[in-house]
>>> print(open('my_file-v5.tsv').read())   # TSV, C-alpha atoms
chain	number	residue	atom	x	y	z
B	299	MET	CA	120.53	-41.79	258.76
B	300	GLU	CA	119.12	-45.27	258.24
B	301	TYR	CA	115.51	-45.88	259.33
B	302	ARG	CA	113.97	-49.21	260.32
B	303	GLN	CA	110.50	-50.46	261.21
B	304	LEU	CA	109.73	-50.48	264.93
B	305	GLY	CA	108.99	-54.18	265.22
B	306	LYS	CA	105.84	-55.10	263.29
B	307	SER	CA	104.44	-51.59	263.60
B	308	GLY	CA	104.16	-49.13	260.73
B	309	LEU	CA	106.37	-46.62	262.56
B	310	ARG	CA	109.80	-46.06	261.05
B	311	VAL	CA	112.49	-44.85	263.42
B	312	PRO	CA	116.14	-43.88	263.00
B	313	VAL	CA	118.51	-46.66	264.00
B	314	LEU	CA	119.89	-44.40	266.74
B	315	SER	CA	117.96	-42.58	269.46
B	316	LEU	CA	119.26	-40.15	272.04
B	317	GLY	CA	118.91	-41.32	275.63
B	318	THR	CA	118.28	-38.67	278.29
B	319	GLY	CA	119.71	-40.42	281.34
B	320	THR	CA	122.34	-37.67	281.42
B	321	PHE	CA	119.71	-34.90	281.61
B	322	GLY	CA	119.20	-33.30	285.01
B	323	GLY	CA	121.41	-35.09	287.50
B	324	THR	CA	119.07	-34.07	290.32
B	325	ASN	CA	119.76	-37.10	292.51
B	326	GLU	CA	122.95	-38.92	293.46
B	327	PHE	CA	122.41	-41.92	291.17
B	328	PHE	CA	121.80	-39.96	287.96
B	329	LYS	CA	124.30	-37.24	288.84
B	330	ARG	CA	127.01	-39.81	288.07
B	331	TRP	CA	125.57	-40.13	284.56
B	332	GLY	CA	125.47	-36.40	283.81
B	333	GLU	CA	123.99	-33.00	284.67
B	334	THR	CA	122.86	-31.75	281.27
B	335	ASP	CA	120.63	-28.65	281.53
B	336	VAL	CA	118.11	-27.24	279.03
B	337	LYS	CA	120.70	-25.17	277.13
B	338	GLU	CA	123.07	-28.12	276.79
B	339	ALA	CA	120.21	-30.46	275.88
B	340	SER	CA	119.05	-28.05	273.18
B	341	ALA	CA	122.55	-28.06	271.67
B	342	LEU	CA	122.56	-31.89	271.62
B	343	ILE	CA	119.11	-32.00	270.04
B	344	ASP	CA	120.21	-29.46	267.41
B	345	VAL	CA	122.98	-31.85	266.35
B	346	CYS	CA	120.60	-34.83	266.42
B	347	LEU	CA	118.02	-33.18	264.17
B	348	GLU	CA	120.73	-31.95	261.79
B	349	ASN	CA	121.68	-35.63	261.38
B	350	GLN	CA	118.09	-36.91	260.97
B	351	LEU	CA	118.02	-38.38	264.47
B	352	ASN	CA	114.60	-37.36	265.76
B	353	PHE	CA	114.00	-40.14	268.32
B	354	PHE	CA	114.46	-39.32	272.03
B	355	ASP	CA	114.26	-41.84	274.87
B	356	THR	CA	113.52	-40.88	278.47
B	357	ALA	CA	111.74	-42.18	281.59
B	358	ASN	CA	109.73	-40.77	284.47
B	359	VAL	CA	112.38	-41.85	287.00
B	360	TYR	CA	115.37	-40.25	285.27
B	361	SER	CA	116.50	-37.59	287.74
B	362	LEU	CA	113.08	-37.70	289.44
B	363	GLY	CA	111.30	-36.40	286.35
B	364	ALA	CA	113.81	-33.66	285.55
B	365	ALA	CA	115.00	-35.46	282.40
B	366	GLU	CA	111.47	-35.35	280.96
B	367	GLU	CA	111.14	-31.68	281.88
B	368	ILE	CA	114.44	-30.79	280.21
B	369	LEU	CA	113.60	-32.81	277.10
B	370	GLY	CA	110.19	-31.16	276.85
B	371	ALA	CA	111.69	-27.68	277.17
B	372	ALA	CA	114.48	-28.43	274.67
B	373	LEU	CA	111.98	-29.77	272.11
B	374	LYS	CA	109.62	-26.80	272.39
B	375	GLY	CA	108.61	-25.77	268.87
B	376	ARG	CA	110.11	-28.97	267.45
B	377	ARG	CA	107.82	-31.60	268.94
B	378	HIS	CA	105.93	-32.27	265.68
B	379	ASN	CA	109.15	-33.51	264.04
B	380	SER	CA	110.19	-35.69	266.97
B	381	ILE	CA	109.49	-39.16	268.33
B	382	ILE	CA	109.42	-39.43	272.13
B	383	ALA	CA	109.63	-42.61	274.18
B	384	THR	CA	109.16	-42.62	277.93
B	385	LYS	CA	108.54	-45.23	280.61
B	386	ALA	CA	106.79	-46.00	283.88
B	387	THR	CA	106.79	-48.76	286.52
B	388	PHE	CA	109.73	-48.03	288.81
B	389	ALA	CA	109.27	-46.16	292.09
B	390	THR	CA	108.55	-42.42	291.93
B	391	GLY	CA	107.97	-41.99	295.66
B	392	ASP	CA	107.60	-43.73	299.01
B	393	GLN	CA	103.85	-44.40	299.02
B	394	PRO	CA	102.47	-47.90	298.32
B	395	ASN	CA	101.06	-46.91	294.92
B	396	ASP	CA	104.10	-44.94	293.76
B	397	ARG	CA	105.38	-47.92	291.78
B	398	GLY	CA	104.27	-50.79	289.60
B	399	ALA	CA	102.13	-51.33	286.53
B	400	SER	CA	98.68	-50.94	288.08
B	401	ARG	CA	95.95	-48.91	286.39
B	402	TYR	CA	96.23	-46.35	289.20
B	403	HIS	CA	99.97	-45.86	288.81
B	404	LEU	CA	100.23	-45.99	285.01
B	405	ILE	CA	97.47	-43.47	284.31
B	406	ARG	CA	98.79	-41.09	286.94
B	407	GLU	CA	102.36	-41.38	285.67
B	408	CYS	CA	101.35	-41.03	282.03
B	409	GLU	CA	99.52	-37.79	282.82
B	410	ALA	CA	102.53	-36.52	284.78
B	411	SER	CA	104.92	-37.38	281.93
B	412	LEU	CA	102.71	-35.57	279.41
B	413	LYS	CA	102.86	-32.40	281.53
B	414	ARG	CA	106.63	-32.58	282.03
B	415	LEU	CA	107.22	-33.26	278.33
B	416	GLN	CA	104.84	-30.43	277.34
B	417	THR	CA	103.05	-32.64	274.85
B	418	ASP	CA	99.59	-34.09	274.23
B	419	TYR	CA	100.79	-37.57	273.33
B	420	ILE	CA	103.65	-40.02	273.82
B	421	ASP	CA	104.82	-41.84	270.71
B	422	LEU	CA	106.15	-44.92	272.51
B	423	TYR	CA	105.24	-45.81	276.09
B	424	PHE	CA	107.22	-48.50	277.89
B	425	ILE	CA	106.51	-50.67	280.88
B	426	HIS	CA	109.95	-50.21	282.45
B	427	GLY	CA	110.03	-53.58	284.20
B	428	PHE	CA	107.77	-56.54	284.92
B	429	ASP	CA	105.36	-56.09	287.84
B	430	TYR	CA	104.79	-59.41	289.63
B	431	THR	CA	101.99	-57.99	291.82
B	432	THR	CA	99.65	-56.60	289.16
B	433	PRO	CA	97.65	-58.90	286.85
B	434	LEU	CA	98.86	-58.55	283.27
B	435	GLU	CA	95.24	-58.05	282.15
B	436	GLU	CA	95.08	-54.88	284.26
B	437	THR	CA	98.36	-53.53	282.92
B	438	LEU	CA	97.60	-54.30	279.28
B	439	SER	CA	94.02	-53.05	279.43
B	440	THR	CA	95.34	-49.78	280.85
B	441	LEU	CA	97.89	-49.44	278.05
B	442	ASN	CA	95.12	-50.27	275.58
B	443	HIS	CA	93.02	-47.45	277.09
B	444	LEU	CA	95.91	-44.99	276.79
B	445	VAL	CA	96.33	-45.86	273.10
B	446	ARG	CA	92.59	-45.63	272.41
B	447	SER	CA	92.44	-42.24	274.17
B	448	GLY	CA	95.19	-40.87	271.91
B	449	LYS	CA	97.63	-40.21	274.73
B	450	VAL	CA	99.95	-43.01	273.57
B	451	ARG	CA	100.67	-44.14	270.00
B	452	TYR	CA	102.63	-47.41	270.51
B	453	ILE	CA	103.56	-49.54	273.52
B	454	GLY	CA	106.65	-51.51	274.46
B	455	CYS	CA	108.23	-53.27	277.39
B	456	SER	CA	111.69	-53.13	278.90
B	457	ASN	CA	113.72	-55.62	280.90
B	458	PHE	CA	111.22	-58.47	280.54
B	459	ALA	CA	112.23	-62.12	280.60
B	460	ALA	CA	111.24	-64.11	277.51
B	461	TRP	CA	108.37	-65.88	279.29
B	462	GLN	CA	107.03	-62.56	280.58
B	463	LEU	CA	107.05	-61.05	277.09
B	464	MET	CA	105.37	-64.13	275.61
B	465	LYS	CA	102.71	-64.13	278.33
B	466	ALA	CA	102.00	-60.45	277.64
B	467	LEU	CA	101.70	-61.01	273.89
B	468	SER	CA	99.38	-63.98	274.41
B	469	THR	CA	97.22	-62.03	276.84
B	470	SER	CA	96.92	-59.10	274.43
B	471	GLU	CA	95.99	-61.44	271.58
B	472	ARG	CA	93.36	-63.22	273.68
B	473	GLU	CA	91.80	-60.01	274.99
B	474	GLY	CA	92.10	-57.94	271.81
B	475	PHE	CA	94.44	-55.41	273.41
B	476	GLU	CA	97.22	-53.43	271.78
B	477	LYS	CA	100.43	-55.48	271.65
B	478	PHE	CA	103.97	-54.57	272.57
B	479	VAL	CA	105.85	-53.76	269.36
B	480	VAL	CA	109.33	-53.40	270.83
B	481	HIS	CA	111.37	-54.68	273.77
B	482	GLN	CA	114.04	-52.36	275.17
B	483	ILE	CA	116.91	-54.51	276.49
B	484	TYR	CA	120.49	-54.37	277.67
B	485	TYR	CA	122.82	-55.77	275.03
B	486	SER	CA	126.48	-55.08	274.27
B	487	LEU	CA	129.59	-56.81	272.97
B	488	ILE	CA	130.47	-57.77	276.55
B	489	GLY	CA	126.91	-58.39	277.73
B	490	ARG	CA	125.27	-60.88	275.38
B	491	ASP	CA	122.76	-62.75	277.56
B	492	ALA	CA	119.99	-61.36	275.34
B	493	GLU	CA	121.08	-63.73	272.56
B	494	LEU	CA	119.99	-66.80	274.54
B	495	GLU	CA	116.23	-66.12	274.43
B	496	LEU	CA	115.27	-62.45	274.01
B	497	LEU	CA	116.51	-62.01	270.46
B	498	GLN	CA	115.04	-65.40	269.58
B	499	ILE	CA	111.54	-64.57	270.82
B	500	GLY	CA	111.82	-61.20	269.12
B	501	LYS	CA	112.53	-62.89	265.81
B	502	ASP	CA	109.74	-65.42	266.30
B	503	GLN	CA	107.09	-62.87	267.36
B	504	GLY	CA	108.20	-59.89	265.27
B	505	ILE	CA	109.18	-57.81	268.30
B	506	GLY	CA	111.86	-55.21	267.63
B	507	SER	CA	114.83	-54.90	269.97
B	508	MET	CA	115.76	-51.42	271.18
B	509	ILE	CA	119.16	-51.52	272.88
B	510	TRP	CA	120.12	-49.58	275.99
B	511	SER	CA	123.67	-49.13	277.32
B	512	PRO	CA	125.35	-50.29	274.08
B	513	LEU	CA	128.75	-49.33	275.50
B	514	ALA	CA	128.24	-51.40	278.66
B	515	TRP	CA	128.02	-48.61	281.22
B	516	GLY	CA	130.84	-46.68	279.56
B	517	ARG	CA	133.26	-49.61	279.54
B	518	LEU	CA	133.53	-49.63	275.73
B	519	THR	CA	134.34	-45.96	275.18
B	520	GLY	CA	137.97	-46.82	274.46
B	521	LYS	CA	139.16	-44.94	277.53
B	522	ILE	CA	139.71	-48.08	279.60
B	523	ARG	CA	142.87	-49.80	278.38
B	524	ARG	CA	145.19	-52.56	279.50
B	525	ASP	CA	148.11	-51.36	281.67
B	526	ALA	CA	146.64	-47.86	281.95
B	527	ALA	CA	145.20	-46.01	284.94
B	528	LEU	CA	141.41	-45.73	285.07
B	529	PRO	CA	140.61	-42.29	283.62
B	530	GLU	CA	138.32	-39.72	285.17
B	531	GLY	CA	134.75	-40.26	284.09
B	532	ARG	CA	131.58	-42.19	284.70
B	533	ILE	CA	133.14	-45.55	285.66
B	534	LYS	CA	135.63	-44.04	288.12
B	535	SER	CA	132.88	-41.95	289.72
B	536	GLY	CA	130.75	-45.04	290.33
B	537	GLY	CA	128.55	-44.65	287.26
B	538	ASP	CA	128.57	-48.40	286.63
B	539	ILE	CA	126.51	-49.00	289.77
B	540	GLY	CA	123.43	-51.02	288.83
B	541	GLY	CA	125.13	-52.72	285.92
B	542	PRO	CA	126.37	-56.31	285.67
B	543	GLN	CA	129.83	-57.25	286.81
B	544	VAL	CA	132.32	-57.68	283.98
B	545	SER	CA	135.61	-59.55	284.23
B	546	ILE	CA	138.48	-57.12	283.76
B	547	ASP	CA	140.28	-59.68	281.58
B	548	LEU	CA	137.21	-59.97	279.34
B	549	LEU	CA	137.03	-56.19	279.07
B	550	TYR	CA	140.71	-55.83	278.20
B	551	ASN	CA	140.49	-58.61	275.59
B	552	ALA	CA	137.43	-56.98	274.05
B	553	VAL	CA	139.11	-53.59	273.88
B	554	ASP	CA	142.21	-55.17	272.32
B	555	ILE	CA	140.11	-56.63	269.49
B	556	LEU	CA	138.11	-53.42	269.08
B	557	ASN	CA	141.29	-51.38	268.97
B	558	GLY	CA	142.72	-53.61	266.23
B	559	ILE	CA	139.59	-53.15	264.12
B	560	SER	CA	139.65	-49.43	264.87
B	561	ILE	CA	143.14	-49.16	263.39
B	562	GLU	CA	142.02	-51.11	260.29
B	563	THR	CA	138.80	-49.15	259.68
B	564	GLY	CA	139.60	-45.70	260.96
B	565	LYS	CA	136.47	-45.90	263.14
B	566	THR	CA	136.46	-45.31	266.90
B	567	ILE	CA	135.87	-48.08	269.43
B	568	PRO	CA	132.35	-46.83	270.35
B	569	GLN	CA	131.41	-46.59	266.67
B	570	ILE	CA	132.47	-50.19	266.10
B	571	ALA	CA	130.64	-51.46	269.21
B	572	ILE	CA	127.41	-49.74	268.12
B	573	ASN	CA	127.74	-50.79	264.47
B	574	TRP	CA	128.12	-54.42	265.60
B	575	LEU	CA	124.83	-54.16	267.48
B	576	LEU	CA	123.06	-52.73	264.45
B	577	GLN	CA	123.97	-55.86	262.50
B	578	GLN	CA	122.34	-58.24	265.00
B	579	GLN	CA	118.93	-59.82	264.41
B	580	THR	CA	115.79	-57.92	265.49
B	581	VAL	CA	117.75	-54.77	266.48
B	582	CYS	CA	115.83	-51.75	265.19
B	583	ASN	CA	117.33	-49.02	267.38
B	584	VAL	CA	120.29	-48.35	269.66
B	585	VAL	CA	119.94	-45.75	272.42
B	586	ILE	CA	123.07	-43.62	272.61
B	587	GLY	CA	123.99	-41.31	275.46
B	588	ALA	CA	126.20	-38.25	275.41
B	589	ARG	CA	127.32	-35.68	277.94
B	590	ASN	CA	128.47	-33.27	275.25
B	591	VAL	CA	128.33	-32.58	271.51
B	592	GLU	CA	131.73	-34.21	270.91
B	593	GLN	CA	130.56	-37.54	272.33
B	594	LEU	CA	127.29	-37.31	270.41
B	595	LYS	CA	129.00	-36.67	267.08
B	596	ASP	CA	131.32	-39.62	267.67
B	597	ASN	CA	128.34	-41.92	268.32
B	598	LEU	CA	126.57	-40.63	265.22
B	599	GLY	CA	129.56	-41.92	263.25
B	600	ALA	CA	128.42	-45.48	264.00
B	601	VAL	CA	125.94	-45.45	261.09
B	602	GLU	CA	126.01	-45.41	257.28
B	603	TRP	CA	128.76	-48.02	257.02
B	604	ARG	CA	129.07	-51.72	257.84
B	605	LEU	CA	131.67	-53.89	259.48
B	606	SER	CA	133.06	-56.59	257.18
B	607	ASN	CA	132.28	-60.28	257.68
B	608	ASP	CA	135.81	-60.78	258.96
B	609	HIS	CA	135.35	-58.03	261.55
B	610	LEU	CA	132.00	-59.48	262.60
B	611	GLN	CA	133.52	-62.93	263.07
B	612	ARG	CA	136.32	-61.54	265.23
B	613	LEU	CA	133.89	-59.54	267.34
B	614	ASP	CA	131.52	-62.50	267.68
B	615	LYS	CA	134.21	-64.35	269.63
B	616	ILE	CA	134.00	-61.74	272.39
B	617	ALA	CA	131.86	-62.90	275.31
B	618	ARG	CA	129.82	-65.37	273.27
B	619	PRO	CA	127.23	-66.64	275.77
B	620	THR	CA	127.25	-70.27	276.86
B	621	SER	CA	124.05	-72.11	276.06
B	622	LEU	CA	121.91	-72.80	279.11
B	623	TYR	CA	119.67	-75.82	279.62
B	624	PRO	CA	117.55	-76.81	277.73
B	625	HIS	CA	119.05	-75.00	274.74
B	626	TRP	CA	122.06	-77.29	274.51
B	627	VAL	CA	119.97	-80.46	274.42
B	628	GLY	CA	120.10	-81.79	270.89
B	629	ALA	CA	122.04	-78.76	269.68
B	630	ARG	CA	124.09	-79.28	266.52
>>> encode(input="my_file-v5.tsv", output="structure tokens")
Amino acid sequence: MEYRQLGKSGLRVPVLSLGTGTFGGTNEFFKRWGETDVKEASALIDVCLENQLNFFDTANVYSLGAAEEILGAALKGRRHNSIIATKATFATGDQPNDRGASRYHLIRECEASLKRLQTDYIDLYFIHGFDYTTPLEETLSTLNHLVRSGKVRYIGCSNFAAWQLMKALSTSEREGFEKFVVHQIYYSLIGRDAELELLQIGKDQGIGSMIWSPLAWGRLTGKIRRDAALPEGRIKSGGDIGGPQVSIDLLYNAVDILNGISIETGKTIPQIAINWLLQQQTVCNVVIGARNVEQLKDNLGAVEWRLSNDHLQRLDKIARPTSLYPHWVGAR
């Protein structure tokens, strides 16, 4: 397993991490993703650790906290060899302070995550989304406090716009707070908006990119093909709810190219889609998801080899984003 630096930090992480969105399935939204229990999660983690993947990504809102509980139980006795990332910001209840990045909410949710995960510290703590109602100084000073108290080792953000990330970095620098070291973002072969600004600011500021949904909500598993009925699975069950709309023609064209490269390389379509991401600038980790050991082992096959320049050029033609103003002004 290849390891890379987590942004400018001294922490080295495997290039793949296991996402736990499939753990629990205790509410209707996450039930479409999966219903992995502790026994099944333990089997997945066994395979991960056997392959030097010791990085596990979760969030307080995944299945209303059940994903954290299952991960904590499955890692019992193995926590010291593992890296855990979790998140807070999104709503955990119906009360006014059950959401956001306020000091009140973040400290409460961090303490709750620590209990569910059965651990004394969180290796990487994410702000799950930008909070327009809380001053950044309050959010960042709270994260700084959590690091100083030893409850959190590193901090990151997720789903920020470029200006929001830059404002946060500038605020931390001005106030002497801990800085975000990584930005967790959506990025895939058929969803490349991140290339317009997010990867650029990451390169400029030394912020690592941690990729979620690398297979575009299950669209790049290889199961969706031209002139074929939609198979049973996450997409058919409505599991793409919350994701961006994708032109069916774009998807079919992408799968056609991926399938051609699959035949040439002997690699599966998901392996190729993930390997492509790992060769993009600033990407230090890709979060993979799996409902079973078979899917996990297939995703693990995305590492320890590289697509050729010819393959990269062919894949780069898929869904290349159109430059937005002002990026096209004076472009050569």
>>> residues_around(input="my_file-v5.tsv", residues="Glu471 in chain B", least_positions_apart="5", cutoff="12 Å", atoms="all atoms listed in the file", output="list in words")
Glu435, Leu438, Ser439, Asn442, Met464, Lys465, Ala466, Glu476, Lys477, Phe478 and Gln503 of chain B
>>> closest_residue(input="my_file-v5.tsv", among="B:Ile425, B:Leu314, B:Leu415, B:Leu613", to="Gly363 in chain B", atoms="all atoms listed in the file")
B:Leu415
>>> closest_residue(input="my_file-v5.tsv", among="B:Tyr402, B:Arg397, B:Ser380, B:Gly317", to="Tyr360 in chain B", atoms="only C-alpha atoms")
B:Gly317
>>> residues_around(input="my_file-v5.tsv", residues="Asp525 in chain B", least_positions_apart="4", cutoff="12 Å", atoms="only C-alpha atoms", output="compact mmCIF listing (two decimals) with C-alpha atoms, keeping the file's coordinate frame")
# COMPACT_ATOMS: atom_id res chain seq x y z
CA LYS B 521 139.16 -44.94 277.53
CA PRO B 529 140.61 -42.29 283.62
CA ILE B 546 138.48 -57.12 283.76
CA ASP B 547 140.28 -59.68 281.58
CA TYR B 550 140.71 -55.83 278.20
CA ASP B 554 142.21 -55.17 272.32
>>> closest_residue(input="my_file-v5.tsv", among="B:Asn395, B:Ser340, B:Thr563, B:Gln350", to="Lys374 in chain B", atoms="all atoms listed in the file")
B:Ser340
>>> residues_around(input="my_file-v5.tsv", residues="range 594-598 of chain B", least_positions_apart="4", cutoff="12 Å", atoms="all atoms listed in the file", output="VMD selection string")
chain B and resid 299 to 300 312 to 317 338 to 339 341 to 351 512 to 513 518 to 520 565 to 573 584 to 590 602 to 603
>>> closest_residue(input="my_file-v5.tsv", among="B:Glu407, B:Asp396, B:Asp355, B:Asp614", to="Leu575 in chain B", atoms="all atoms listed in the file")
B:Asp614
>>> axis_aligned_box(input="my_file-v5.tsv", around="range 595-610 of chain B", padding_each_side="6 Å", output="lines of an AutoDock Vina configuration file")
center_x = 130.9
center_y = -48.7
center_z = 262.7
size_x = 21.9
size_y = 36.1
size_z = 23.3
>>> residues_around(input="my_file-v5.tsv", residues="range 321-326 of chain B", least_positions_apart="4", cutoff="7 Å", atoms="all atoms listed in the file", output="list of chain:residue names")
B:Arg330, B:Gly332, B:Glu333, B:Thr334, B:Asp335, B:Ser361, B:Ala364, B:Ala365, B:Ile368
>>> residues_near_point(input="my_file-v5.tsv", point="(101.1, -58.3, 285.7)", cutoff="12 Å", atoms="all atoms listed in the file", output="NGL selection string")
:B and (387 or 398-401 or 425 or 427-440 or 458 or 462-463 or 465-466 or 469)
>>> closest_residue(input="my_file-v5.tsv", among="B:His443, B:Gln543, B:Ile505, B:Asn557", to="Arg524 in chain B", atoms="only C-alpha atoms")
B:Asn557
>>> atom_distance(input="my_file-v5.tsv", atom1="CA of Ser507 in chain B", atom2="CA of Ile488 in chain B")
17.2 Å
>>> closest_residue(input="my_file-v5.tsv", among="B:Ala459, B:Ile381, B:Ile483, B:Ala372", to="Phe353 in chain B", atoms="all atoms listed in the file")
B:Ile381
>>> residues_around(input="my_file-v5.tsv", residues="Tyr423 in chain B", least_positions_apart="2", cutoff="10 Å", atoms="only C-alpha atoms", output="ChimeraX atom specification")
/B:355-357,382-386,408,419-421,425-426,441,444-445,449-455,478
>>> write_last_selection(input="my_file-v5.tsv", atoms="C-alpha atoms", output="compact mmCIF listing (two decimals), keeping the file's coordinate frame")
# COMPACT_ATOMS: atom_id res chain seq x y z
CA ASP B 355 114.26 -41.84 274.87
CA THR B 356 113.52 -40.88 278.47
CA ALA B 357 111.74 -42.18 281.59
CA ILE B 382 109.42 -39.43 272.13
CA ALA B 383 109.63 -42.61 274.18
CA THR B 384 109.16 -42.62 277.93
CA LYS B 385 108.54 -45.23 280.61
CA ALA B 386 106.79 -46.00 283.88
CA CYS B 408 101.35 -41.03 282.03
CA TYR B 419 100.79 -37.57 273.33
CA ILE B 420 103.65 -40.02 273.82
CA ASP B 421 104.82 -41.84 270.71
CA ILE B 425 106.51 -50.67 280.88
CA HIS B 426 109.95 -50.21 282.45
CA LEU B 441 97.89 -49.44 278.05
CA LEU B 444 95.91 -44.99 276.79
CA VAL B 445 96.33 -45.86 273.10
CA LYS B 449 97.63 -40.21 274.73
CA VAL B 450 99.95 -43.01 273.57
CA ARG B 451 100.67 -44.14 270.00
CA TYR B 452 102.63 -47.41 270.51
CA ILE B 453 103.56 -49.54 273.52
CA GLY B 454 106.65 -51.51 274.46
CA CYS B 455 108.23 -53.27 277.39
CA PHE B 478 103.97 -54.57 272.57
>>> atom_distance(input="my_file-v5.tsv", atom1="CA of Asn352 in chain B", atom2="CA of Val311 in chain B")
8.1 Å
>>> atom_distance(input="my_file-v5.tsv", atom1="CA of Asn551 in chain B", atom2="CA of Leu487 in chain B")
11.4 Å
>>> decode(input="my_file-v5.tsv", residues="range 347-364 of chain B", atoms="N, CA and C atoms", output="PDB file, in the first residue's frame")
ATOM      1  N   LEU B 347      -6.814  -4.091   7.094  1.00  0.00           N
ATOM      2  CA  LEU B 347      -5.560  -4.128   7.846  1.00  0.00           C
ATOM      3  C   LEU B 347      -4.585  -5.136   7.252  1.00  0.00           C
ATOM      4  N   GLU B 348      -5.094  -6.224   6.692  1.00  0.00           N
ATOM      5  CA  GLU B 348      -4.224  -7.197   6.022  1.00  0.00           C
ATOM      6  C   GLU B 348      -3.535  -6.574   4.812  1.00  0.00           C
ATOM      7  N   ASN B 349      -4.164  -5.539   4.247  1.00  0.00           N
ATOM      8  CA  ASN B 349      -3.620  -4.861   3.067  1.00  0.00           C
ATOM      9  C   ASN B 349      -3.048  -3.483   3.391  1.00  0.00           C
ATOM     10  N   GLN B 350      -2.671  -3.264   4.653  1.00  0.00           N
ATOM     11  CA  GLN B 350      -2.052  -2.027   5.128  1.00  0.00           C
ATOM     12  C   GLN B 350      -2.933  -0.796   4.943  1.00  0.00           C
ATOM     13  N   LEU B 351      -4.235  -0.995   4.873  1.00  0.00           N
ATOM     14  CA  LEU B 351      -5.168   0.128   4.875  1.00  0.00           C
ATOM     15  C   LEU B 351      -5.675   0.274   6.306  1.00  0.00           C
ATOM     16  N   ASN B 352      -5.199   1.296   6.998  1.00  0.00           N
ATOM     17  CA  ASN B 352      -5.563   1.478   8.404  1.00  0.00           C
ATOM     18  C   ASN B 352      -6.259   2.812   8.666  1.00  0.00           C
ATOM     19  N   PHE B 353      -6.840   3.387   7.620  1.00  0.00           N
ATOM     20  CA  PHE B 353      -7.458   4.713   7.672  1.00  0.00           C
ATOM     21  C   PHE B 353      -8.957   4.541   7.446  1.00  0.00           C
ATOM     22  N   PHE B 354      -9.778   5.020   8.413  1.00  0.00           N
ATOM     23  CA  PHE B 354     -11.222   4.807   8.360  1.00  0.00           C
ATOM     24  C   PHE B 354     -11.950   6.141   8.510  1.00  0.00           C
ATOM     25  N   ASP B 355     -12.856   6.408   7.572  1.00  0.00           N
ATOM     26  CA  ASP B 355     -13.541   7.700   7.494  1.00  0.00           C
ATOM     27  C   ASP B 355     -15.008   7.539   7.856  1.00  0.00           C
ATOM     28  N   THR B 356     -15.482   8.354   8.791  1.00  0.00           N
ATOM     29  CA  THR B 356     -16.875   8.285   9.210  1.00  0.00           C
ATOM     30  C   THR B 356     -17.388   9.693   9.472  1.00  0.00           C
ATOM     31  N   ALA B 357     -18.585   9.812  10.033  1.00  0.00           N
ATOM     32  CA  ALA B 357     -19.172  11.117  10.365  1.00  0.00           C
ATOM     33  C   ALA B 357     -20.265  10.913  11.395  1.00  0.00           C
ATOM     34  N   ASN B 358     -20.522  11.951  12.183  1.00  0.00           N
ATOM     35  CA  ASN B 358     -21.532  11.825  13.237  1.00  0.00           C
ATOM     36  C   ASN B 358     -22.941  11.650  12.685  1.00  0.00           C
ATOM     37  N   VAL B 359     -23.180  12.070  11.441  1.00  0.00           N
ATOM     38  CA  VAL B 359     -24.533  11.965  10.883  1.00  0.00           C
ATOM     39  C   VAL B 359     -24.767  10.674  10.109  1.00  0.00           C
ATOM     40  N   TYR B 360     -23.734   9.871   9.887  1.00  0.00           N
ATOM     41  CA  TYR B 360     -23.942   8.622   9.155  1.00  0.00           C
ATOM     42  C   TYR B 360     -24.808   7.686   9.999  1.00  0.00           C
ATOM     43  N   SER B 361     -25.998   7.415   9.486  1.00  0.00           N
ATOM     44  CA  SER B 361     -26.959   6.552  10.185  1.00  0.00           C
ATOM     45  C   SER B 361     -27.183   7.001  11.630  1.00  0.00           C
ATOM     46  N   LEU B 362     -27.283   8.316  11.814  1.00  0.00           N
ATOM     47  CA  LEU B 362     -27.597   8.913  13.117  1.00  0.00           C
ATOM     48  C   LEU B 362     -26.623   8.483  14.203  1.00  0.00           C
ATOM     49  N   GLY B 363     -25.355   8.366  13.844  1.00  0.00           N
ATOM     50  CA  GLY B 363     -24.331   7.989  14.814  1.00  0.00           C
ATOM     51  C   GLY B 363     -24.020   6.508  14.855  1.00  0.00           C
ATOM     52  N   ALA B 364     -24.851   5.686  14.238  1.00  0.00           N
ATOM     53  CA  ALA B 364     -24.641   4.235  14.278  1.00  0.00           C
ATOM     54  C   ALA B 364     -23.354   3.829  13.573  1.00  0.00           C
TER      55      ALA B 364
END
